[in-house]
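One structure is given below, encoded as structure tokens.
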Amino acid sequence: MSRALLSVYDKTGLVPFARGLVDLGYELVASGGTASALEKAGLAITRVEDVTGFPELLGGRVKTLHPTVHAAILARRDVADDLASLAEHGIEPFDLVCVNLYPFELVATQLDVADADVVEMIDVGGPSMLRAAAKNHAYVLAVCRHEDYDDVLAELRSGGTTSIETRRRLAATAFATTAAYEAGIASWFKRGEQLPAAISLAFDRKLDLAYGENPHQQAAFYAERGRRTHLLSRVEQLRGRPLSFNNLNDLSAARLLVREFELPACVIVKHANPCGVAVADTIEEAYARALSGDRVSAYGGVVVLNRAVSAALGEAVADQFVEVLFAPGYDEQAMEALARKTSVRILNDTERRELTDPELDYRRVLGGLLVQDRDWEIAERSGMEVVCGQVSDEQWDDLLFAWRVVKHVTSNAIVLAFGRQTIGIGAGQMSRVDAVRIALEKARELGHSLEGAVLASDAFFPFADGPQLALDAGVAALIQPGGSKRDGEVIEAVSAAGAAMVFTHRRHFRH
């Protein structure tokens with residue numbers, strides 16, 4: 001008779017799977033709550049303690065950690081000494097091991113949970129059995145996902161056994177499961193360490209994508225294990241086509257930027273760079289001003305709002321071509337208006353937890369990772385220095401607004417703003433003066449007046465040429481980190497133009 005060992009926390013599909021094994025002639029051995037669930041369903045089982053001769057110990061911490069269990073899993077059927085050892089100790093081998101693990105991450109990511117409660121969710125016996133079965137996959141089926149139950153039963157019914165390909169696939173799944181599980185535990189213990197000696201990353205696939213940046217590239221969205229929030233946590237797609245790789249990349253950029261603002265704000269992103277940003281007294285005005293910042297680039301953009309969409313705003317958005325609309329709620333009439341745009345992907349954000357959990361920022365490079373703290377800093381006036389001119393309260397509002405935006409623009413980055421609205425952005429240039437020139441040209445092309453505008457630069461100006469272009473165009477105040485050998489020349493040029501300049505003493509490169 002074939003023999004199966006079952007020990008699962010998540011009992012989804014357990015009883016039908018166990019019944020199917022019994023119909024195939026399997027003897028069932030089970031532990032703890034799994035045994036109770038199967039007995040309640042009317043199935044005959046042998047309890048693990050009857051196999052080991054030991055009761056559960058330490059409040060259930062020790063159930064399956066016993067030579068009788070692990071020898072029965074690990075014995076090789078074509079090694080005479082292994083079989084002799086089983087016979088000597090009266091051990092019957094297992095042909096199938098079905099195990100899933102304690103929900104460590106589910107508990108660890110809850111708010112206000114005690115460390116002791118999290119530690120109790122660290123499974124010891126489950127991973128040990130699963131790894132043992134996967135190691136001995138030539139003879140033992142390692143099953144750890146209820147999604148695999150039906151396929152395993154179907155193959156056993158059709159041929160009485162499973163192919164080596166199936167057993168290898170299940171073994172790979174088992175090792176991936178235990179590896180991700182251990183990585184989540186390691187990350188929990190390492191929380192608070194800025195740059196640990198070793199980084200264990202585990203991600204679960206959340207969404208299959210049609211393709212990557214280009215049609216010939218395969219792609220999917222994965223969420224990091226153990227993190228309370230992620231790009232699509234508690235996000236519901238209400239209508240529209242499936243999200244694409246580029247949609248998600250732009251959405252991430254927009255969400256990171258919109259969190260800079262508490263007032264009603266709108267961010268429009270194209271190709272991972274903001275093309276229109278505004279804050280205002282109402283979300284309707286914020287959208288209108290962000291759109292007017294660069295209507296051309298906003299065509300087909302990702303729009304992220306930090307307030308619910310009203311009927312009036314729904315009508316306004318419906319008049320534009322928008323790839324993705326993301327907001328924390330939608331008026332019923334807004335949805336009716338947006339229904340006219342069948343292609344727009346409408347995402348409803350119900351996540352109320354901050355997307356600011358401490359996390360590291362990873363960038364893939366050949367054969368490795370570049371790792372740094374994420375740049376979460378929200379710009380405040382404290383620590384900044386007015387190095388020339390006088391800055392009015394209105395200019396401070398615009399300077400801080402522009403400084404928050406420029407942090408999210410690809411370097412070299414220049415942002416022109418007026419009235420807490422972007423009016424010109426220069427992104428990703430090899431020369432900072434070229435970034436200034438592009439931002440100014442953009443503003444002029446779009447009909448924005450530069451008189452009284454402000455300029456933000458993500459890093460210092462190495463020469464006075466960039467600021468001089470802006471000053472000649474009417475820019476009245478600049479904000480930049482400072483720190484150049486030629487800061488004196490830049491200050492002199494700004495002062496001579498009767499403008500003001502603020503040094504932040506901190507840069508915001510985004511390569």
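Scheme for the structure tokens: letters A, B, ... for chains in order shown; per-chain residue numbers from 1; ligand numbers from 1 in order shown.
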(message) With only C-alpha atoms as the counted atoms, please give the residues lying no more than 10 Å from Ser495 in chain A, apart from itself and same-chain residues fewer than 6 positions off, as a PyMOL selection string.
(response) chain A and resi 387-389+489+501
Could you make a table, as JSON lines, of the residues of range 194-305 of chain A that have an atom within 8 Å of an atom of range 424-429 of chain A, each with its nearest atom pair and distance in Å to one decimal, counting only C-alpha atoms, in chain and number order?
```
{"residue": "A:Asn273", "atom": "CA", "partner": "A:Ala427", "partner_atom": "CA", "distance": 7.6}
{"residue": "A:Cys275", "atom": "CA", "partner": "A:Ile425", "partner_atom": "CA", "distance": 6.9}
{"residue": "A:Gly293", "atom": "CA", "partner": "A:Gly424", "partner_atom": "CA", "distance": 7.1}
{"residue": "A:Asp294", "atom": "CA", "partner": "A:Gly424", "partner_atom": "CA", "distance": 7.6}
```
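Taking CA of Phe17 in chain A and CA of Leu207 in chain A as endpoints, the distance between them is 27.1 Å.
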Write out as a Markdown table a residue-level contact list of range 286-346 of chain A versus range 227-241 of chain A with cut-off 10 Å: for each qualifying residue the closest pair of atoms and the distance in Å to one decimal, counting only C-alpha atoms, rows sorted by chain and residue number upward.
```
| residue | atom | partner | partner_atom | distance |
| --- | --- | --- | --- | --- |
| A:Glu323 | CA | A:Gly240 | CA | 9.1 |
| A:Val324 | CA | A:Gly240 | CA | 8.7 |
| A:Leu325 | CA | A:Gln237 | CA | 9.8 |
| A:Phe326 | CA | A:Val235 | CA | 9.0 |
| A:Ala327 | CA | A:Val235 | CA | 9.5 |
| A:Pro328 | CA | A:Val235 | CA | 9.1 |
| A:Tyr330 | CA | A:Leu238 | CA | 9.9 |
| A:Met335 | CA | A:Leu238 | CA | 9.2 |
| A:Leu338 | CA | A:Arg239 | CA | 9.5 |
| A:Ala339 | CA | A:Arg239 | CA | 8.4 |
| A:Lys341 | CA | A:Gly240 | CA | 8.4 |
| A:Thr342 | CA | A:Gly240 | CA | 5.9 |
| A:Ser343 | CA | A:Gly240 | CA | 5.0 |
| A:Val344 | CA | A:Gly240 | CA | 5.1 |
| A:Arg345 | CA | A:Gly240 | CA | 4.1 |
| A:Ile346 | CA | A:Arg239 | CA | 5.4 |
```
Might you pull out every residue within 8 Å of Val140 in chain A, with only C-alpha atoms counted and same-chain residues fewer than 2 positions away left off, and present them as a ChimeraX atom specification? /A:73,94-97,133-134,136-138,142,167
Point to revise | Which of range 5-104 of chain A DSSP labels strand (DSSP E or B), written as a PyMOL selection string | key: chain A and resi 5-7+27-30+46-47+57+62+96-99
* **Secondary structure check, helix (DSSP H, G or I) residues of range 246-378 of chain A, as a PyMOL selection string** => chain A and resi 246-258+283-293+295-298+311-318+332-338
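Nearest to Arg374 in chain A of all the residues A:Glu27, A:Val304, A:Arg510, A:His146 is A:Arg510, counting only C-alpha atoms.
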Next item on the list: Please identify all polymer residues within 10 Å of range 444-448 of chain A, counting only C-alpha atoms, omitting same-chain residues fewer than 5 positions from it, and present them as a VMD selection string.
Entry: chain A and resid 292 to 296 417 to 418 422 to 424 438 to 439 453 473
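Going from CA of Glu394 in chain A over to CA of Gly419 in chain A, you cover 7.9 Å.
Residues in contact with Val99 in chain A at 8 Å, where only C-alpha atoms are counted and same-chain residues fewer than 5 positions away are skipped, are listed as A:Leu6, A:Ser7, A:Val8, A:Tyr9, A:Gly126, A:Met129, A:Leu130, A:Ala142, A:Val143, A:Cys144.
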Suppose we keep N, CA and C atoms; can you now write the selection as a PDB file, in the first residue's frame?
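The resulting file, part.pdb, is reproduced below:
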```pdb
ATOM      1  N   LEU A   6       0.371  13.841   5.537  1.00  0.00           N
ATOM      2  CA  LEU A   6      -0.295  15.120   5.333  1.00  0.00           C
ATOM      3  C   LEU A   6      -0.178  15.966   6.595  1.00  0.00           C
ATOM      4  N   SER A   7       0.302  17.204   6.433  1.00  0.00           N
ATOM      5  CA  SER A   7       0.427  18.129   7.564  1.00  0.00           C
ATOM      6  C   SER A   7       0.326  19.543   7.011  1.00  0.00           C
ATOM      7  N   VAL A   8      -0.865  20.126   7.036  1.00  0.00           N
ATOM      8  CA  VAL A   8      -1.091  21.403   6.376  1.00  0.00           C
ATOM      9  C   VAL A   8      -1.735  22.400   7.329  1.00  0.00           C
ATOM     10  N   TYR A   9      -1.332  23.657   7.221  1.00  0.00           N
ATOM     11  CA  TYR A   9      -2.004  24.726   7.954  1.00  0.00           C
ATOM     12  C   TYR A   9      -3.221  25.193   7.173  1.00  0.00           C
ATOM     13  N   GLY A 126       7.460  21.715   9.214  1.00  0.00           N
ATOM     14  CA  GLY A 126       6.934  21.725   7.847  1.00  0.00           C
ATOM     15  C   GLY A 126       8.009  21.860   6.793  1.00  0.00           C
ATOM     16  N   MET A 129      10.167  18.635   6.506  1.00  0.00           N
ATOM     17  CA  MET A 129       9.540  17.527   5.765  1.00  0.00           C
ATOM     18  C   MET A 129       9.477  17.828   4.271  1.00  0.00           C
ATOM     19  N   LEU A 130       9.156  19.055   3.948  1.00  0.00           N
ATOM     20  CA  LEU A 130       9.014  19.415   2.547  1.00  0.00           C
ATOM     21  C   LEU A 130      10.354  19.338   1.820  1.00  0.00           C
ATOM     22  N   ALA A 142       6.462  15.659  -3.514  1.00  0.00           N
ATOM     23  CA  ALA A 142       6.430  16.763  -2.564  1.00  0.00           C
ATOM     24  C   ALA A 142       5.354  17.752  -3.015  1.00  0.00           C
ATOM     25  N   VAL A 143       4.253  17.806  -2.293  1.00  0.00           N
ATOM     26  CA  VAL A 143       3.112  18.641  -2.680  1.00  0.00           C
ATOM     27  C   VAL A 143       2.934  19.730  -1.623  1.00  0.00           C
ATOM     28  N   CYS A 144       3.011  20.998  -2.045  1.00  0.00           N
ATOM     29  CA  CYS A 144       2.891  22.089  -1.058  1.00  0.00           C
ATOM     30  C   CYS A 144       1.873  23.151  -1.450  1.00  0.00           C
TER      31      CYS A 144
END
```
One decimal place gives the CA of Arg432 in chain A-CA of Asn247 in chain A separation as 28.3 Å
